[in-house]
Each structure stands twice: as structure tokens, then as C-alpha cells.
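**Student:** Here it is, the structure in full.
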Amino acid sequence: MQTLEDNDSQLILVQQNLRTLPLELVKRHGEHVELLDLSHNCLKDLSWLAEFEQLRHLVLDNNRLHEAQIRTLTQPLPQLEVLMLNKNEFSDLPSTMRLIRRLFPNLQYLSLHGNPICPDGLELQPFSGYLRYDYDYYSNYIAQSLSKLKFLDHGLVQRTYQYESFPIASYGKPLIKTTSF
């Protein structure tokens, strides 16, 4: 297992077939790690994340995560600024945003490419064509949910429309008000 020195602010454990982070690594690195990359693993439990008090950047790409795994984190991480959740299995936009808003209240950068909830048009998720909303709706919904967010996926957050509700009007178009924030 590849880990970095105790005094390093980065811990990178990519492709280690981890289901959770071993307790000895949490104890050894939890107090000082600012960037944690656990991409390409099989994480099922995230409860240990609360021990990473200095964590600013979290990369959990390609872990087959969905809303249930995020719920294992019961304590918010207000210091987290960057969250990468690309190529996972998040499928319920309102539920995912409620969890992220509660657990990561000061998030400034979020990326969800390749998840079923993200109609990104980048061909990362073959099912995104079946979504009943478009990328503008998705990005505005997230922007409203996360007031401190500055970057989403691949660009600056633009808060231009206020959507009345998540349900979709006829012909698959979201209901919108054209008033700016």
C-alpha cells in the first residue's frame, strides 16, 4: 500500500482495492492530511473521514459510490473545499445535493462527471441521455443547493435561473423563472 510520510499534507491511495481506510492510516494521517485521493477503489464506508480535520481536497473518483455510502459519514466536514466524485453511481440529484450540502457546507469545487445524475454530454455516462433534465437545469439546481460553490464539473458556476421545483414540465423541460439571483 502506497502512503506518504507523516509530515506530508497529501495521502494518495489509488487502486488499492480499499473498502474503507484502515484505522492505522486514519490515526497516522488524520491530523495533518489536506489532500486525500482514494480514486479507483471500492469504498463502502466513509465514517472515518471525520477524523481528517485538515482535509481540504477529497478525490473519490471511480469508487462505485452512491448516496448510501455518503450517508455513512455522519459528521460534517466544514473545512472541505474540493470534492471530486467523478464516475460513481449517484442517481438521485435532490438526495445527493441534500447530503453534500449537509456534510460539506463550504464546498467551492464539485465534480460529478460520469454519474447518472450528470447530463454532462461528455459521454462518460451512457445513461445520461435518459435523464429528464438538461445540463443547465442540473448546474443551476446544484448552484442553488450549494451557495458557496464556485466551480462545477468543468466550469464556473453561473447562477442565472431560479427553478421552481425539481419536477419536470411537459416535453422534458424544467420549470423556470427568468429572474436572476
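Letters A, B, ... go to the chains of the C-alpha cells in the order shown; residues in each chain start at 1; ligands are counted from 1 in the same order.
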Step one, run DSSP on the backbone; step two, keep only residues of range 22-122 of chain A assigned to helix (DSSP H, G or I); then write them as a VMD selection string.

**Tutor:** chain A and resid 23 to 29 47 to 51 67 to 71 93 to 103

**Student:** Please report, as CSV, each residue of range 43-145 of chain A lying at most 12 Å from range 7-14 of chain A, together with the nearest pair of atoms and the separation in Å rounded to one decimal; use only C-alpha atoms, and order rows by chain and ascending residue number.

**Tutor:**
residue,atom,partner,partner_atom,distance
A:Leu43,CA,A:Val14,CA,11.5
A:Phe52,CA,A:Ser9,CA,11.0
A:Glu53,CA,A:Ser9,CA,11.8
A:Gln54,CA,A:Ser9,CA,8.8
A:Leu55,CA,A:Ser9,CA,8.8
A:Arg56,CA,A:Ser9,CA,10.0
A:His57,CA,A:Gln10,CA,9.3
A:Leu58,CA,A:Leu11,CA,10.0
A:Val59,CA,A:Ile12,CA,9.3
A:Leu60,CA,A:Val14,CA,9.4
A:Asp61,CA,A:Val14,CA,9.6
A:Asn62,CA,A:Val14,CA,10.0
A:Asn63,CA,A:Val14,CA,10.3

**Student:** Could you save those same residues with N, CA, C and O atoms as an mmCIF file, in the first residue's frame?

**Tutor:**
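Saved as again01.cif:
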data_model
loop_
_atom_site.group_PDB
_atom_site.id
_atom_site.type_symbol
_atom_site.label_atom_id
_atom_site.label_comp_id
_atom_site.auth_asym_id
_atom_site.auth_seq_id
_atom_site.Cartn_x
_atom_site.Cartn_y
_atom_site.Cartn_z
ATOM 1 N N LEU A 43 -14.800 1.731 -2.092
ATOM 2 C CA LEU A 43 -15.193 2.233 -0.777
ATOM 3 C C LEU A 43 -16.672 1.988 -0.482
ATOM 4 O O LEU A 43 -17.529 2.249 -1.313
ATOM 5 N N PHE A 52 -10.295 13.382 9.617
ATOM 6 C CA PHE A 52 -9.389 14.198 8.801
ATOM 7 C C PHE A 52 -9.764 15.668 8.938
ATOM 8 O O PHE A 52 -10.398 16.253 8.074
ATOM 9 N N GLU A 53 -9.353 16.265 10.035
ATOM 10 C CA GLU A 53 -9.754 17.623 10.404
ATOM 11 C C GLU A 53 -9.146 18.713 9.531
ATOM 12 O O GLU A 53 -9.659 19.827 9.497
ATOM 13 N N GLN A 54 -8.058 18.430 8.845
ATOM 14 C CA GLN A 54 -7.408 19.416 7.977
ATOM 15 C C GLN A 54 -7.737 19.206 6.499
ATOM 16 O O GLN A 54 -7.241 19.929 5.639
ATOM 17 N N LEU A 55 -8.556 18.224 6.196
ATOM 18 C CA LEU A 55 -8.836 17.836 4.813
ATOM 19 C C LEU A 55 -9.515 18.963 4.038
ATOM 20 O O LEU A 55 -10.571 19.448 4.425
ATOM 21 N N ARG A 56 -8.878 19.382 2.936
ATOM 22 C CA ARG A 56 -9.415 20.443 2.080
ATOM 23 C C ARG A 56 -9.832 19.902 0.707
ATOM 24 O O ARG A 56 -10.733 20.427 0.089
ATOM 25 N N HIS A 57 -9.144 18.849 0.240
ATOM 26 C CA HIS A 57 -9.366 18.277 -1.093
ATOM 27 C C HIS A 57 -9.584 16.771 -0.949
ATOM 28 O O HIS A 57 -8.730 16.076 -0.413
ATOM 29 N N LEU A 58 -10.721 16.300 -1.459
ATOM 30 C CA LEU A 58 -11.046 14.881 -1.389
ATOM 31 C C LEU A 58 -11.397 14.371 -2.786
ATOM 32 O O LEU A 58 -12.304 14.894 -3.432
ATOM 33 N N VAL A 59 -10.672 13.354 -3.226
ATOM 34 C CA VAL A 59 -10.895 12.761 -4.543
ATOM 35 C C VAL A 59 -11.363 11.317 -4.338
ATOM 36 O O VAL A 59 -10.621 10.488 -3.819
ATOM 37 N N LEU A 60 -12.598 11.058 -4.755
ATOM 38 C CA LEU A 60 -13.195 9.731 -4.620
ATOM 39 C C LEU A 60 -13.699 9.232 -5.973
ATOM 40 O O LEU A 60 -14.701 8.521 -6.058
ATOM 41 N N ASP A 61 -13.008 9.577 -7.031
ATOM 42 C CA ASP A 61 -13.406 9.173 -8.372
ATOM 43 C C ASP A 61 -13.372 7.653 -8.517
ATOM 44 O O ASP A 61 -12.514 6.977 -7.948
ATOM 45 N N ASN A 62 -14.308 7.154 -9.306
ATOM 46 C CA ASN A 62 -14.331 5.751 -9.711
ATOM 47 C C ASN A 62 -14.320 4.783 -8.529
ATOM 48 O O ASN A 62 -13.469 3.903 -8.445
ATOM 49 N N ASN A 63 -15.283 4.944 -7.631
ATOM 50 C CA ASN A 63 -15.414 4.067 -6.471
ATOM 51 C C ASN A 63 -16.760 3.355 -6.422
ATOM 52 O O ASN A 63 -17.051 2.674 -5.448
#

**Student:** Can you work out which one of A:Leu112, A:Cys42, A:Ala50, A:Lys148 has the shortest atom-to-atom distance to Gly30 in chain A, counting only C-alpha atoms?

**Tutor:**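 Of the candidates, the smallest distance to Gly30 in chain A is held by A:Ala50.
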
**Student:** When distances are computed from only C-alpha atoms, which of A:Gly114, A:Pro22, A:Pro76, A:Gly155 shows the smallest separation from Glu89 in chain A?

**Tutor:** A:Gly114

**Student:** Using only C-alpha atoms, which of the listed residues (A:Ile142, A:Leu65, A:Asp45, A:Glu31) sits closest to Met97 in chain A?

**Tutor:** A:Ile142

**Student:** Skipping near chain neighbours, those fewer than 6 positions away, what residues fall within 9 Å of Ser145 in chain A using only C-alpha atoms, listed as an MDAnalysis selection string?

**Tutor:** chainID A and resid 94 97:98 100:101

**Student:** How would the residues just chosen look if you wrote them out with C-alpha atoms as a CSV table (one decimal), in the first residue's frame?

**Tutor:**
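The new file result_32.csv reads:
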chain,number,residue,atom,x,y,z
A,94,PRO,CA,-32.1,16.1,-4.9
A,97,MET,CA,-27.4,17.6,-3.1
A,98,ARG,CA,-29.0,17.4,0.4
A,100,ILE,CA,-23.5,17.2,0.1
A,101,ARG,CA,-24.9,20.4,1.4

**Student:** I'd like the interatomic distance between CA of Glu34 in chain A and CA of Leu77 in chain A, to a tenth of an Å.

**Tutor:**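 So the two atoms, CA of Glu34 in chain A and CA of Leu77 in chain A, lie 12.0 Å apart.
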
**Student:** Write down as a PyMOL selection string the residues of range 40-141 of chain A whose backbone DSSP state falls under strand (DSSP E).

**Tutor:** chain A and resi 57-59+82-84+109-111

**Student:** Which residues are near Phe151 in chain A? Cut-off 7 Å, only C-alpha atoms, ignore same chain within fewer than 5 positions. Put them as a VMD selection string.

**Tutor:** chain A and resid 108 to 110 156 to 157

**Student:** Residues of the last selection are to be written out with all heavy atoms, as a PDB file, in the first residue's frame.

**Tutor:**
ATOM      1  N   GLN A 108     -16.400  24.541  -2.484  1.00  0.00           N
ATOM      2  CA  GLN A 108     -16.211  25.533  -3.541  1.00  0.00           C
ATOM      3  C   GLN A 108     -16.066  24.887  -4.919  1.00  0.00           C
ATOM      4  O   GLN A 108     -16.306  25.528  -5.926  1.00  0.00           O
ATOM      5  CB  GLN A 108     -14.980  26.390  -3.243  1.00  0.00           C
ATOM      6  CG  GLN A 108     -15.158  27.239  -2.010  1.00  0.00           C
ATOM      7  CD  GLN A 108     -13.949  28.104  -1.746  1.00  0.00           C
ATOM      8  OE1 GLN A 108     -13.195  28.452  -2.651  1.00  0.00           O
ATOM      9  NE2 GLN A 108     -13.752  28.453  -0.493  1.00  0.00           N
ATOM     10  N   TYR A 109     -15.645  23.627  -4.962  1.00  0.00           N
ATOM     11  CA  TYR A 109     -15.482  22.928  -6.238  1.00  0.00           C
ATOM     12  C   TYR A 109     -16.063  21.527  -6.093  1.00  0.00           C
ATOM     13  O   TYR A 109     -15.722  20.803  -5.163  1.00  0.00           O
ATOM     14  CB  TYR A 109     -13.998  22.832  -6.617  1.00  0.00           C
ATOM     15  CG  TYR A 109     -13.785  22.201  -7.973  1.00  0.00           C
ATOM     16  CD1 TYR A 109     -13.559  22.990  -9.099  1.00  0.00           C
ATOM     17  CD2 TYR A 109     -13.824  20.828  -8.136  1.00  0.00           C
ATOM     18  CE1 TYR A 109     -13.383  22.412 -10.348  1.00  0.00           C
ATOM     19  CE2 TYR A 109     -13.652  20.243  -9.380  1.00  0.00           C
ATOM     20  CZ  TYR A 109     -13.429  21.039 -10.476  1.00  0.00           C
ATOM     21  OH  TYR A 109     -13.263  20.462 -11.704  1.00  0.00           O
ATOM     22  N   LEU A 110     -16.930  21.171  -7.026  1.00  0.00           N
ATOM     23  CA  LEU A 110     -17.556  19.854  -7.046  1.00  0.00           C
ATOM     24  C   LEU A 110     -17.536  19.335  -8.474  1.00  0.00           C
ATOM     25  O   LEU A 110     -17.853  20.071  -9.408  1.00  0.00           O
ATOM     26  CB  LEU A 110     -19.012  19.956  -6.552  1.00  0.00           C
ATOM     27  CG  LEU A 110     -19.865  18.703  -6.644  1.00  0.00           C
ATOM     28  CD1 LEU A 110     -19.327  17.603  -5.732  1.00  0.00           C
ATOM     29  CD2 LEU A 110     -21.311  19.028  -6.286  1.00  0.00           C
ATOM     30  N   LEU A 156     -17.053  27.527 -14.326  1.00  0.00           N
ATOM     31  CA  LEU A 156     -17.542  28.417 -13.278  1.00  0.00           C
ATOM     32  C   LEU A 156     -19.034  28.216 -13.063  1.00  0.00           C
ATOM     33  O   LEU A 156     -19.779  27.977 -14.017  1.00  0.00           O
ATOM     34  CB  LEU A 156     -17.304  29.876 -13.661  1.00  0.00           C
ATOM     35  CG  LEU A 156     -15.865  30.377 -13.638  1.00  0.00           C
ATOM     36  CD1 LEU A 156     -15.774  31.761 -14.265  1.00  0.00           C
ATOM     37  CD2 LEU A 156     -15.344  30.402 -12.210  1.00  0.00           C
ATOM     38  N   VAL A 157     -19.460  28.345 -11.836  1.00  0.00           N
ATOM     39  CA  VAL A 157     -20.886  28.266 -11.515  1.00  0.00           C
ATOM     40  C   VAL A 157     -21.551  29.562 -11.955  1.00  0.00           C
ATOM     41  O   VAL A 157     -21.066  30.647 -11.661  1.00  0.00           O
ATOM     42  CB  VAL A 157     -21.095  28.043 -10.000  1.00  0.00           C
ATOM     43  CG1 VAL A 157     -22.546  28.236  -9.610  1.00  0.00           C
ATOM     44  CG2 VAL A 157     -20.614  26.658  -9.613  1.00  0.00           C
TER      45      VAL A 157
END
